[in-house]
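Raw my_file_2.cif, mmCIF, C-alpha atoms and all ligand atoms:
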```cif
data_target
#
loop_
_atom_site.label_atom_id
_atom_site.label_comp_id
_atom_site.auth_asym_id
_atom_site.auth_seq_id
_atom_site.Cartn_x
_atom_site.Cartn_y
_atom_site.Cartn_z
CA MET A 255 76.74 37.99 -61.42
CA SER A 256 80.10 38.28 -59.64
CA GLU A 257 79.95 41.91 -60.75
CA LEU A 258 76.81 42.36 -58.62
CA ARG A 259 78.59 40.77 -55.65
CA ALA A 260 81.51 43.16 -55.96
CA ASN A 261 79.22 46.06 -55.00
CA PHE A 262 78.72 44.74 -51.46
CA PRO A 263 81.79 45.13 -49.20
CA VAL A 264 80.31 42.90 -46.47
CA LEU A 265 80.50 39.95 -48.89
CA HIS A 266 84.26 40.18 -49.20
CA GLU A 267 84.80 38.48 -45.86
CA ARG A 268 81.45 37.18 -44.77
CA VAL A 269 78.68 34.86 -45.89
CA TYR A 270 75.74 37.24 -45.65
CA LEU A 271 72.38 35.47 -45.30
CA ASN A 272 70.44 38.08 -43.37
CA ALA A 273 68.52 40.16 -45.94
CA GLY A 274 65.21 39.06 -44.40
CA THR A 275 66.23 41.34 -41.53
CA ASP A 276 68.49 43.88 -43.24
CA GLY A 277 70.08 43.42 -46.66
CA PRO A 278 73.77 43.95 -47.41
CA LEU A 279 74.53 47.61 -48.15
CA PRO A 280 76.15 48.30 -51.50
CA GLN A 281 79.09 50.69 -51.64
CA GLN A 282 77.00 53.00 -53.85
CA ALA A 283 74.47 53.52 -51.04
CA PHE A 284 77.20 54.55 -48.64
CA ASP A 285 78.71 56.92 -51.22
CA ALA A 286 75.35 58.49 -52.04
CA ALA A 287 74.55 59.16 -48.38
CA GLN A 288 77.99 60.61 -47.80
CA GLU A 289 77.60 62.90 -50.80
CA GLU A 290 74.31 64.31 -49.53
CA LEU A 291 75.69 64.92 -46.06
CA ALA A 292 78.80 66.57 -47.51
CA ARG A 293 76.57 68.89 -49.53
CA GLU A 294 74.52 69.76 -46.45
CA LEU A 295 77.69 70.33 -44.45
CA ALA A 296 79.17 72.67 -47.04
CA GLU A 297 76.10 74.47 -48.38
CA GLY A 298 73.72 74.46 -45.45
CA ARG A 299 70.07 73.56 -45.74
CA THR A 300 67.98 76.18 -47.44
CA ALA A 301 65.39 76.16 -50.23
CA SER A 302 67.66 74.24 -52.61
CA HIS A 303 68.13 71.52 -50.00
CA PHE A 304 64.39 71.01 -49.77
CA GLU A 305 64.17 70.93 -53.56
CA ARG A 306 66.83 68.22 -53.52
CA ARG A 307 64.84 66.26 -50.94
CA GLY A 308 61.81 66.54 -53.20
CA GLU A 309 63.75 65.28 -56.24
CA LEU A 310 65.13 62.34 -54.30
CA ALA A 311 61.65 61.45 -53.04
CA THR A 312 60.29 61.50 -56.59
CA GLN A 313 63.09 59.27 -57.86
CA LEU A 314 62.83 56.86 -54.94
CA ARG A 315 59.08 56.58 -55.38
CA SER A 316 59.59 55.64 -59.04
CA ALA A 317 62.27 53.08 -58.16
CA TYR A 318 60.00 51.46 -55.57
CA ALA A 319 57.08 51.57 -57.99
CA LEU A 320 59.12 49.54 -60.48
CA ALA A 321 59.87 46.90 -57.86
CA LEU A 322 56.15 46.73 -57.01
CA GLY A 323 54.85 46.74 -60.58
CA ALA A 324 52.77 49.81 -59.71
CA PRO A 325 52.39 53.35 -61.05
CA ALA A 326 54.46 55.77 -58.95
CA GLN A 327 51.33 57.76 -58.09
CA ASP A 328 50.05 54.77 -56.10
CA VAL A 329 53.17 54.47 -53.95
CA ALA A 330 53.81 56.28 -50.66
CA LEU A 331 57.25 56.54 -49.09
CA THR A 332 57.45 55.19 -45.56
CA THR A 333 60.17 54.36 -43.05
CA CYS A 334 59.45 50.61 -42.86
CA THR A 335 56.86 47.93 -43.53
CA THR A 336 55.50 48.39 -40.02
CA GLU A 337 54.70 52.03 -40.70
CA GLY A 338 52.96 51.21 -43.98
CA LEU A 339 50.76 48.60 -42.32
CA ASN A 340 49.88 51.01 -39.51
CA ILE A 341 48.97 53.76 -42.01
CA ALA A 342 46.72 51.49 -44.07
CA LEU A 343 44.99 49.81 -41.14
CA ALA A 344 44.47 52.96 -39.09
CA GLY A 345 43.02 54.72 -42.13
CA LEU A 346 40.19 52.25 -42.55
CA GLY A 347 38.34 53.74 -39.59
CA LEU A 348 37.44 50.33 -38.15
CA SER A 349 35.35 49.95 -35.00
CA ALA A 350 33.88 47.29 -32.72
CA ASN A 351 31.58 46.22 -35.56
CA ASP A 352 34.52 45.10 -37.67
CA GLU A 353 36.54 41.92 -37.85
CA VAL A 354 40.06 41.72 -39.23
CA LEU A 355 41.10 38.26 -40.37
CA THR A 356 44.82 37.59 -40.11
CA SER A 357 47.09 34.57 -39.88
CA ASP A 358 48.82 32.80 -37.03
CA GLU A 359 52.27 33.43 -38.57
CA GLU A 360 52.47 37.20 -38.53
CA HIS A 361 55.37 39.42 -37.53
CA PRO A 362 55.14 41.96 -34.68
CA GLY A 363 55.27 44.64 -37.40
CA LEU A 364 51.71 43.70 -38.31
CA LEU A 365 50.57 42.46 -34.91
CA GLY A 366 51.30 45.87 -33.39
CA ALA A 367 48.94 47.57 -35.81
CA LEU A 368 46.28 44.96 -35.08
CA GLN A 369 46.71 45.29 -31.33
CA THR A 370 46.20 49.06 -31.71
CA LEU A 371 42.93 48.49 -33.58
CA HIS A 372 41.77 46.06 -30.93
CA GLU A 373 42.79 48.03 -27.84
CA LEU A 374 41.87 51.52 -29.02
CA HIS A 375 38.85 50.80 -31.22
CA GLY A 376 37.50 47.43 -30.08
CA VAL A 377 38.08 45.81 -33.47
CA HIS A 378 37.78 42.02 -33.39
CA ILE A 379 40.94 40.26 -34.61
CA ARG A 380 40.64 36.63 -35.73
CA MET A 381 43.56 34.40 -36.62
CA ALA A 382 43.54 31.56 -39.12
CA PRO A 383 46.24 29.23 -40.45
CA PHE A 384 48.37 31.09 -43.01
CA GLU A 385 48.01 28.46 -45.73
CA SER A 386 44.19 28.38 -45.57
CA ILE A 387 43.40 31.96 -44.52
CA HIS A 388 41.32 32.50 -47.68
CA GLU A 389 38.90 29.79 -46.56
CA GLN A 390 38.26 31.44 -43.20
CA VAL A 391 36.61 34.66 -44.40
CA SER A 392 33.19 35.04 -42.77
CA ASN A 393 30.28 37.46 -43.16
CA ALA A 394 31.76 39.42 -40.27
CA THR A 395 35.14 39.92 -41.96
CA THR A 396 35.80 43.51 -43.02
CA VAL A 397 39.38 43.09 -44.18
CA VAL A 398 42.00 40.35 -44.53
CA VAL A 399 45.63 41.14 -43.73
CA CYS A 400 48.61 38.80 -43.75
CA SER A 401 52.13 38.34 -45.08
CA HIS A 402 52.79 38.01 -48.79
CA VAL A 403 55.70 35.71 -47.90
CA SER A 404 55.82 34.16 -44.42
CA TRP A 405 58.81 35.37 -42.42
CA ILE A 406 58.87 32.05 -40.57
CA ASN A 407 59.33 29.64 -43.46
CA GLY A 408 59.22 31.47 -46.79
CA SER A 409 55.86 30.13 -47.93
CA LEU A 410 53.64 32.30 -50.12
CA ALA A 411 50.19 33.57 -49.15
CA PRO A 412 47.43 31.62 -50.93
CA ALA A 413 46.87 32.87 -54.49
CA GLN A 414 43.11 32.72 -53.81
CA LEU A 415 43.40 35.92 -51.76
CA ALA A 416 43.40 37.80 -55.07
CA SER A 417 39.79 36.82 -55.77
CA LEU A 418 38.19 37.41 -52.36
CA ASP A 419 35.23 39.78 -52.11
CA VAL A 420 36.65 41.50 -49.04
CA PRO A 421 39.59 43.94 -49.20
CA VAL A 422 43.04 42.42 -48.70
CA ILE A 423 46.18 44.10 -47.33
CA LEU A 424 49.52 42.33 -47.64
CA ASP A 425 52.64 42.65 -45.52
CA GLY A 426 55.31 42.52 -48.22
CA ALA A 427 58.39 42.75 -45.98
CA GLN A 428 59.65 39.43 -47.37
CA GLY A 429 58.12 40.00 -50.79
CA VAL A 430 59.23 43.18 -52.54
CA GLY A 431 62.77 42.85 -53.88
CA ALA A 432 62.86 39.14 -53.00
CA VAL A 433 60.27 37.73 -55.40
CA ALA A 434 58.55 39.16 -58.45
CA VAL A 435 55.70 41.36 -57.25
CA ASP A 436 52.92 42.78 -59.38
CA VAL A 437 50.66 44.47 -56.87
CA THR A 438 48.02 45.14 -59.47
CA LYS A 439 47.58 41.36 -59.94
CA LEU A 440 47.57 40.52 -56.23
CA GLY A 441 44.14 42.12 -55.89
CA VAL A 442 45.16 44.11 -52.82
CA ILE A 443 43.97 47.48 -51.59
CA ALA A 444 47.37 48.06 -49.96
CA TYR A 445 50.80 46.41 -49.88
CA ALA A 446 53.51 47.50 -47.43
CA GLY A 447 57.21 46.79 -47.96
CA SER A 448 60.66 47.52 -46.57
CA GLY A 449 63.53 49.35 -48.25
CA GLN A 450 66.23 47.98 -45.94
CA LYS A 451 65.69 44.28 -46.53
CA TRP A 452 65.63 42.88 -50.09
CA LEU A 453 66.17 46.31 -51.67
CA CYS A 454 69.43 46.72 -49.69
CA GLY A 455 68.70 50.30 -48.61
CA PRO A 456 69.44 51.89 -45.24
CA ASP A 457 67.23 51.42 -42.19
CA GLY A 458 64.34 53.87 -42.16
CA THR A 459 63.09 53.21 -45.69
CA GLY A 460 59.97 51.56 -47.01
CA MET A 461 56.91 51.90 -49.18
CA LEU A 462 53.16 51.56 -49.13
CA TYR A 463 51.21 50.81 -52.30
CA VAL A 464 47.60 51.96 -52.14
CA ALA A 465 45.25 50.94 -54.96
CA PRO A 466 43.89 54.02 -56.78
CA ASP A 467 40.26 53.43 -55.68
CA TRP A 468 41.44 53.45 -52.08
CA HIS A 469 43.39 56.72 -51.97
CA GLU A 470 40.34 58.45 -50.60
CA GLN A 471 38.72 55.51 -48.86
CA ILE A 472 41.73 55.11 -46.57
CA ALA A 473 41.94 58.23 -44.43
CA ALA A 474 45.30 59.95 -44.08
CA THR A 475 45.39 59.93 -40.28
CA ARG A 476 48.64 61.90 -40.02
CA ARG A 477 49.33 64.92 -42.20
CA GLY A 478 52.18 67.29 -42.71
CA TYR A 479 53.81 69.61 -45.22
CA GLY A 480 54.72 66.93 -47.76
CA ASN A 481 51.28 65.36 -47.84
CA TYR A 482 49.62 68.49 -49.26
CA GLU A 483 49.30 69.84 -52.77
CA ASN A 484 49.25 73.39 -51.41
CA PRO A 485 50.63 73.34 -47.86
CA GLY A 486 50.71 77.15 -47.81
CA ASP A 487 46.91 77.20 -47.62
CA GLY A 488 46.93 76.26 -43.96
CA MET A 489 43.74 74.63 -42.74
CA ASP A 490 42.30 74.76 -46.26
CA ALA A 491 45.22 72.85 -47.78
CA LEU A 492 44.32 69.86 -49.96
CA LEU A 493 45.94 66.47 -49.67
CA HIS A 494 47.75 65.12 -52.72
CA LYS A 495 45.42 63.06 -54.87
CA SER A 496 48.21 60.49 -55.25
CA ALA A 497 49.45 58.11 -52.56
CA ALA A 498 51.94 60.82 -51.52
CA ARG A 499 49.13 61.86 -49.15
CA PHE A 500 50.28 58.87 -47.05
CA ASP A 501 54.02 59.66 -47.20
CA THR A 502 55.98 59.45 -43.98
CA LEU A 503 56.22 62.84 -42.33
CA SER A 504 59.96 63.37 -42.88
CA MET A 505 62.56 61.54 -44.94
CA ASN A 506 66.07 62.94 -44.97
CA ALA A 507 68.13 63.34 -48.13
CA GLU A 508 70.93 60.98 -47.14
CA THR A 509 68.55 58.13 -46.40
CA ALA A 510 66.59 58.62 -49.63
CA ALA A 511 69.79 58.92 -51.69
CA ALA A 512 71.25 55.74 -50.21
CA ALA A 513 68.01 53.82 -50.77
CA LEU A 514 67.82 55.03 -54.35
CA ALA A 515 71.43 54.07 -55.07
CA ALA A 516 70.89 50.60 -53.58
CA THR A 517 67.74 49.96 -55.58
CA ARG A 518 69.56 51.04 -58.74
CA VAL A 519 72.36 48.55 -58.16
CA LEU A 520 69.80 45.74 -58.17
CA ALA A 521 67.65 47.16 -60.97
CA ALA A 522 70.76 47.45 -63.18
CA GLU A 523 71.23 43.71 -62.84
CA GLY A 524 67.68 43.22 -64.13
CA TRP A 525 64.93 42.33 -61.65
CA PRO A 526 64.00 39.03 -63.36
CA SER A 527 67.56 37.71 -63.05
CA VAL A 528 67.82 38.97 -59.45
CA PHE A 529 64.66 37.02 -58.53
CA GLU A 530 65.59 33.93 -60.50
CA ARG A 531 69.10 33.66 -59.11
CA ALA A 532 68.03 34.20 -55.49
CA ALA A 533 65.22 31.62 -55.71
CA ALA A 534 67.48 29.05 -57.39
CA LEU A 535 70.22 29.45 -54.78
CA ALA A 536 67.67 29.24 -51.96
CA GLU A 537 66.23 26.07 -53.47
CA SER A 538 69.69 24.57 -53.79
CA LEU A 539 70.42 25.40 -50.13
CA ALA A 540 67.12 23.82 -49.01
CA THR A 541 67.85 20.61 -50.91
CA ARG A 542 71.37 20.31 -49.59
CA LEU A 543 70.28 21.03 -46.01
CA GLU A 544 67.79 18.18 -46.24
CA GLN A 545 70.46 15.91 -47.68
CA SER A 546 72.66 16.79 -44.71
CA GLY A 547 69.95 15.71 -42.28
CA ARG A 548 68.45 19.09 -41.33
CA GLU A 549 64.70 19.47 -41.44
CA VAL A 550 63.66 22.34 -43.73
CA ALA A 551 60.36 24.08 -42.95
CA PRO A 552 57.79 23.82 -45.78
CA ARG A 553 58.48 26.66 -48.20
CA ASP A 554 57.73 27.99 -51.67
CA GLN A 555 59.93 29.43 -54.43
CA THR A 556 61.07 32.34 -52.29
CA THR A 557 64.34 33.51 -50.76
CA LEU A 558 63.93 32.29 -47.17
CA VAL A 559 65.09 28.88 -45.96
CA ALA A 560 64.26 27.99 -42.35
CA PHE A 561 65.85 24.85 -40.96
CA SER A 562 66.01 22.90 -37.72
CA SER A 563 68.64 23.48 -35.09
CA ASP A 564 69.02 21.91 -31.64
CA ASP A 565 69.96 25.29 -30.20
CA PRO A 566 69.24 28.08 -32.73
CA ALA A 567 70.63 31.00 -30.69
CA ALA A 568 73.88 29.20 -29.85
CA GLU A 569 74.29 27.94 -33.41
CA ARG A 570 73.68 31.43 -34.82
CA GLU A 571 76.44 32.78 -32.58
CA ARG A 572 78.83 30.00 -33.53
CA LEU A 573 78.17 30.63 -37.23
CA ALA A 574 78.61 34.39 -36.77
CA ALA A 575 82.03 33.75 -35.22
CA ALA A 576 82.89 31.85 -38.43
CA GLY A 577 81.71 34.81 -40.54
CA ILE A 578 78.35 33.33 -41.53
CA LEU A 579 75.50 35.70 -40.77
CA LEU A 580 71.89 34.57 -40.43
CA ARG A 581 69.22 34.69 -37.74
CA ASP A 582 67.37 32.41 -35.39
CA LEU A 583 63.61 32.68 -35.17
CA PRO A 584 62.26 33.44 -31.69
CA ASN A 585 60.26 30.71 -29.93
CA THR A 586 61.05 28.10 -32.59
CA SER A 587 63.77 25.55 -33.16
CA LEU A 588 64.68 27.20 -36.45
CA LEU A 589 67.53 29.10 -38.03
CA ARG A 590 66.63 31.22 -41.07
CA ALA A 591 68.90 31.83 -44.04
CA SER A 592 67.96 34.70 -46.38
CA VAL A 593 69.43 34.03 -49.81
CA GLY A 594 69.88 36.88 -52.30
CA ALA A 595 71.16 37.29 -55.83
CA TRP A 596 74.39 38.62 -54.26
CA ASN A 597 75.11 35.19 -52.75
CA ASP A 598 76.86 32.40 -54.60
CA GLU A 599 77.43 28.64 -54.44
CA GLN A 600 80.52 29.18 -52.34
CA ASP A 601 78.43 30.93 -49.67
CA ILE A 602 76.10 27.95 -49.58
CA ALA A 603 79.02 25.54 -49.38
CA ARG A 604 80.61 27.53 -46.52
CA LEU A 605 77.38 27.44 -44.52
CA LEU A 606 76.92 23.71 -45.05
CA ALA A 607 80.51 23.01 -44.11
CA GLU A 608 80.10 24.89 -40.79
CA LEU A 609 76.86 23.20 -39.74
C1 LIG B 701 56.78 39.62 -42.38
C2 LIG B 701 57.42 40.83 -41.78
N1 LIG B 701 56.65 41.90 -41.51
C3 LIG B 701 57.16 43.02 -41.00
C4 LIG B 701 58.50 43.11 -40.71
C5 LIG B 701 59.01 44.41 -40.15
O1 LIG B 701 59.63 45.12 -41.17
P1 LIG B 701 60.08 46.63 -40.93
O2 LIG B 701 61.24 46.58 -40.01
O3 LIG B 701 60.42 47.13 -42.29
O4 LIG B 701 58.92 47.34 -40.35
C6 LIG B 701 59.35 42.02 -40.98
C7 LIG B 701 60.79 42.03 -40.74
O5 LIG B 701 61.44 42.34 -39.87
C8 LIG B 701 58.78 40.85 -41.52
O6 LIG B 701 59.53 39.78 -41.77
#
```

Please go through the file and, once you have read it, give me the structure as structure tokens.
Amino acid sequence: MSELRANFPVLHERVYLNAGTDGPLPQQAFDAAQEELARELAEGRTASHFERRGELATQLRSAYALALGAPAQDVALTTCTTEGLNIALAGLGLSANDEVLTSDEEHPGLLGALQTLHELHGVHIRMAPFESIHEQVSNATTVVVCSHVSWINGSLAPAQLASLDVPVILDGAQGVGAVAVDVTKLGVIAYAGSGQKWLCGPDGTGMLYVAPDWHEQIAATRRGYGNYENPGDGMDALLHKSAARFDTLSMNAETAAAALAATRVLAAEGWPSVFERAAALAESLATRLEQSGREVAPRDQTTLVAFSSDDPAAERERLAAAGILLRDLPNTSLLRASVGAWNDEQDIARLLAEL
């Protein structure tokens, strides 16, 4: 596994525990982006450049599909989890007759989409405790949407969501790339994820899985060249049958190439060992934090470890000065460590020694 570590320059000096925000960039991602820009600089951007963008999009879609356990045709390319959630929720065409059930632990990336539904379309938004959200579905509920893995404490959404009668959408920002995901078994109509977090890609990358039965039931509310089978047909153009109909409206070659290279670094290690190693290290950190007298927020076998701090913002800054990078969680007394397969026991020991 030290070979995996060697791909990430930031790890040479620092203890990097911030993938829940943005993962460490591998050298290969930087090189791939640079190569694309160098090509654009030298050759200009004509038809062959757009062909290259198309190839990269196809390859990135397949790489993301592997991480999601989904067929590539059910995966749209987005710029972030937030965009994916907005696409899926806006496309449901909800109105004042609808209720969306969500949890009380959601990230602004989802809350923004819900606020839009409420303010622009009068949709009723109801919040329930994350751990028992499946028990709160009522006759009025049209759709359930919540995190796959809570960004606050690393607990998993209840497994019972997979067998609800109402459609479920999951925010997978802390799921895909961090824990094993098989979207086809989660029983979701849509699952949105980030490319820049646990998949170590650049900012501006992400994905949206849409279950095949829902490609046409979720309206594509924004459309452009790349979303059509035959864009040359103007107003008569037909949307792709696949989830590419939901693709973000423009993804540049350098971003796609970097994201692809990053995902390949992790895939080459083998996803099962990436997941296993990250979860085991996170568990070990949680246990040792408790032994050292810190309170660890209730969590599952995931990659996030949130723990008590008397002054989270000040402690984060002090740790950063010592080369240990993690985040504090707003409006809580918690620091959050994001543990990846690229970390090692020495990272954990360095953090504990600094606390
Ligand atoms: C649970 C959750 N949802 C959404 C987001 C937003 O992700 P993105 O920046 O990819 O939109 C984050 C992370 O920042 C998150 O933790």

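Rounded to one decimal, CA of Glu353 in chain A and CA of Val391 in chain A lie 9.8 Å from each other.
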
Give the padded box for ligand LIG 701 (chain B) as AutoDock Vina command-line options: axis-aligned, covering all atoms listed in the file, 3 Å on each side, centre and edge lengths in Å to one decimal.
```
--center_x 59.0 --center_y 43.5 --center_z -41.1 --size_x 10.8 --size_y 13.7 --size_z 8.5
```

As a JSON list (two decimals) with C-alpha atoms, in the coordinates of the input, please: every protein or nucleic acid residue near ligand LIG 701 (chain B) (cut-off 6 Å, counting all atoms listed in the file).
```json
[["chain", "number", "residue", "atom", "x", "y", "z"],
["A", 275, "THR", "CA", 66.23, 41.34, -41.53],
["A", 334, "CYS", "CA", 59.45, 50.61, -42.86],
["A", 335, "THR", "CA", 56.86, 47.93, -43.53],
["A", 336, "THR", "CA", 55.50, 48.39, -40.02],
["A", 361, "HIS", "CA", 55.37, 39.42, -37.53],
["A", 363, "GLY", "CA", 55.27, 44.64, -37.40],
["A", 401, "SER", "CA", 52.13, 38.34, -45.08],
["A", 404, "SER", "CA", 55.82, 34.16, -44.42],
["A", 405, "TRP", "CA", 58.81, 35.37, -42.42],
["A", 425, "ASP", "CA", 52.64, 42.65, -45.52],
["A", 427, "ALA", "CA", 58.39, 42.75, -45.98],
["A", 428, "GLN", "CA", 59.65, 39.43, -47.37],
["A", 448, "SER", "CA", 60.66, 47.52, -46.57]]
```

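In this model, the gap between CA of Ala607 in chain A and CA of Val433 in chain A comes to 27.5 Å.
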
Hey, what's within 8 Å of His494 in chain A if we count all atoms listed in the file and toss same-chain stuff fewer than 3 positions away? As a PyMOL selection string, please? chain A and resi 481-483+497-499

Point-to-point distance from CA of Asp285 in chain A to CA of Gly298 in chain A, Å rounded to tenths: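 Going from CA of Asp285 in chain A over to CA of Gly298 in chain A, I get 19.1 Å.
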
Using only C-alpha atoms, pick whichever of A:Leu520, A:Val269, A:Cys400, A:Leu539 has the shortest atom-to-atom distance to Gln282 in chain A.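 Counting only C-alpha atoms, the residue closest to Gln282 in chain A is A:Leu520.
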
Please return, as number ranges by chain, all polymer residues that have at least one atom within 6 Å of the point (71.4, 61.4, -48.9); use only C-alpha atoms and the file's own coordinate frame. A: 286-287, 290, 507-512

Would you mind putting back all heavy atoms on range 517-525 of chain A, then writing it out as a short mmCIF file (atom, residue, chain, number, x, y, z; two decimals), in the frame of the given file?
```cif
data_model
loop_
_atom_site.label_atom_id
_atom_site.label_comp_id
_atom_site.auth_asym_id
_atom_site.auth_seq_id
_atom_site.Cartn_x
_atom_site.Cartn_y
_atom_site.Cartn_z
N THR A 517 68.75 50.54 -54.69
CA THR A 517 67.74 49.96 -55.58
C THR A 517 68.26 49.95 -57.02
O THR A 517 68.02 48.99 -57.76
CB THR A 517 66.43 50.76 -55.45
OG1 THR A 517 66.10 50.80 -54.07
CG2 THR A 517 65.29 50.11 -56.19
N ARG A 518 69.01 50.97 -57.37
CA ARG A 518 69.56 51.04 -58.74
C ARG A 518 70.59 49.96 -59.00
O ARG A 518 70.69 49.45 -60.12
CB ARG A 518 70.16 52.43 -58.99
CG ARG A 518 69.06 53.45 -59.25
CD ARG A 518 69.63 54.81 -59.53
NE ARG A 518 68.56 55.74 -59.90
CZ ARG A 518 68.67 57.06 -59.85
NH1 ARG A 518 69.79 57.62 -59.45
NH2 ARG A 518 67.65 57.83 -60.21
N VAL A 519 71.36 49.62 -57.99
CA VAL A 519 72.36 48.55 -58.16
C VAL A 519 71.64 47.26 -58.56
O VAL A 519 72.07 46.53 -59.45
CB VAL A 519 73.16 48.35 -56.85
CG1 VAL A 519 73.95 47.05 -56.87
CG2 VAL A 519 74.09 49.54 -56.61
N LEU A 520 70.54 46.98 -57.88
CA LEU A 520 69.80 45.74 -58.17
C LEU A 520 69.05 45.84 -59.50
O LEU A 520 69.06 44.90 -60.30
CB LEU A 520 68.82 45.44 -57.02
CG LEU A 520 69.51 45.18 -55.68
CD1 LEU A 520 68.52 45.19 -54.54
CD2 LEU A 520 70.24 43.84 -55.72
N ALA A 521 68.42 46.99 -59.73
CA ALA A 521 67.65 47.16 -60.97
C ALA A 521 68.57 47.04 -62.19
O ALA A 521 68.18 46.49 -63.23
CB ALA A 521 66.93 48.50 -60.97
N ALA A 522 69.82 47.50 -62.05
CA ALA A 522 70.76 47.45 -63.18
C ALA A 522 71.07 46.01 -63.55
O ALA A 522 71.40 45.70 -64.70
CB ALA A 522 72.05 48.18 -62.80
N GLU A 523 70.97 45.13 -62.58
CA GLU A 523 71.23 43.71 -62.84
C GLU A 523 70.06 43.09 -63.62
O GLU A 523 70.22 42.06 -64.27
CB GLU A 523 71.37 43.03 -61.46
CG GLU A 523 72.06 41.71 -61.49
CD GLU A 523 73.49 41.80 -61.99
OE1 GLU A 523 74.14 42.83 -61.78
OE2 GLU A 523 73.92 40.82 -62.60
N GLY A 524 68.90 43.73 -63.51
CA GLY A 524 67.68 43.22 -64.13
C GLY A 524 66.90 42.46 -63.07
O GLY A 524 67.38 41.44 -62.56
N TRP A 525 65.70 42.97 -62.73
CA TRP A 525 64.93 42.33 -61.65
C TRP A 525 64.66 40.85 -61.92
O TRP A 525 64.82 40.02 -61.01
CB TRP A 525 63.62 43.09 -61.38
CG TRP A 525 63.84 44.36 -60.62
CD1 TRP A 525 63.62 45.63 -61.05
CD2 TRP A 525 64.35 44.48 -59.28
NE1 TRP A 525 63.95 46.53 -60.06
CE2 TRP A 525 64.40 45.85 -58.97
CE3 TRP A 525 64.76 43.56 -58.32
CZ2 TRP A 525 64.85 46.32 -57.74
CZ3 TRP A 525 65.20 44.02 -57.09
CH2 TRP A 525 65.24 45.39 -56.82
#
```
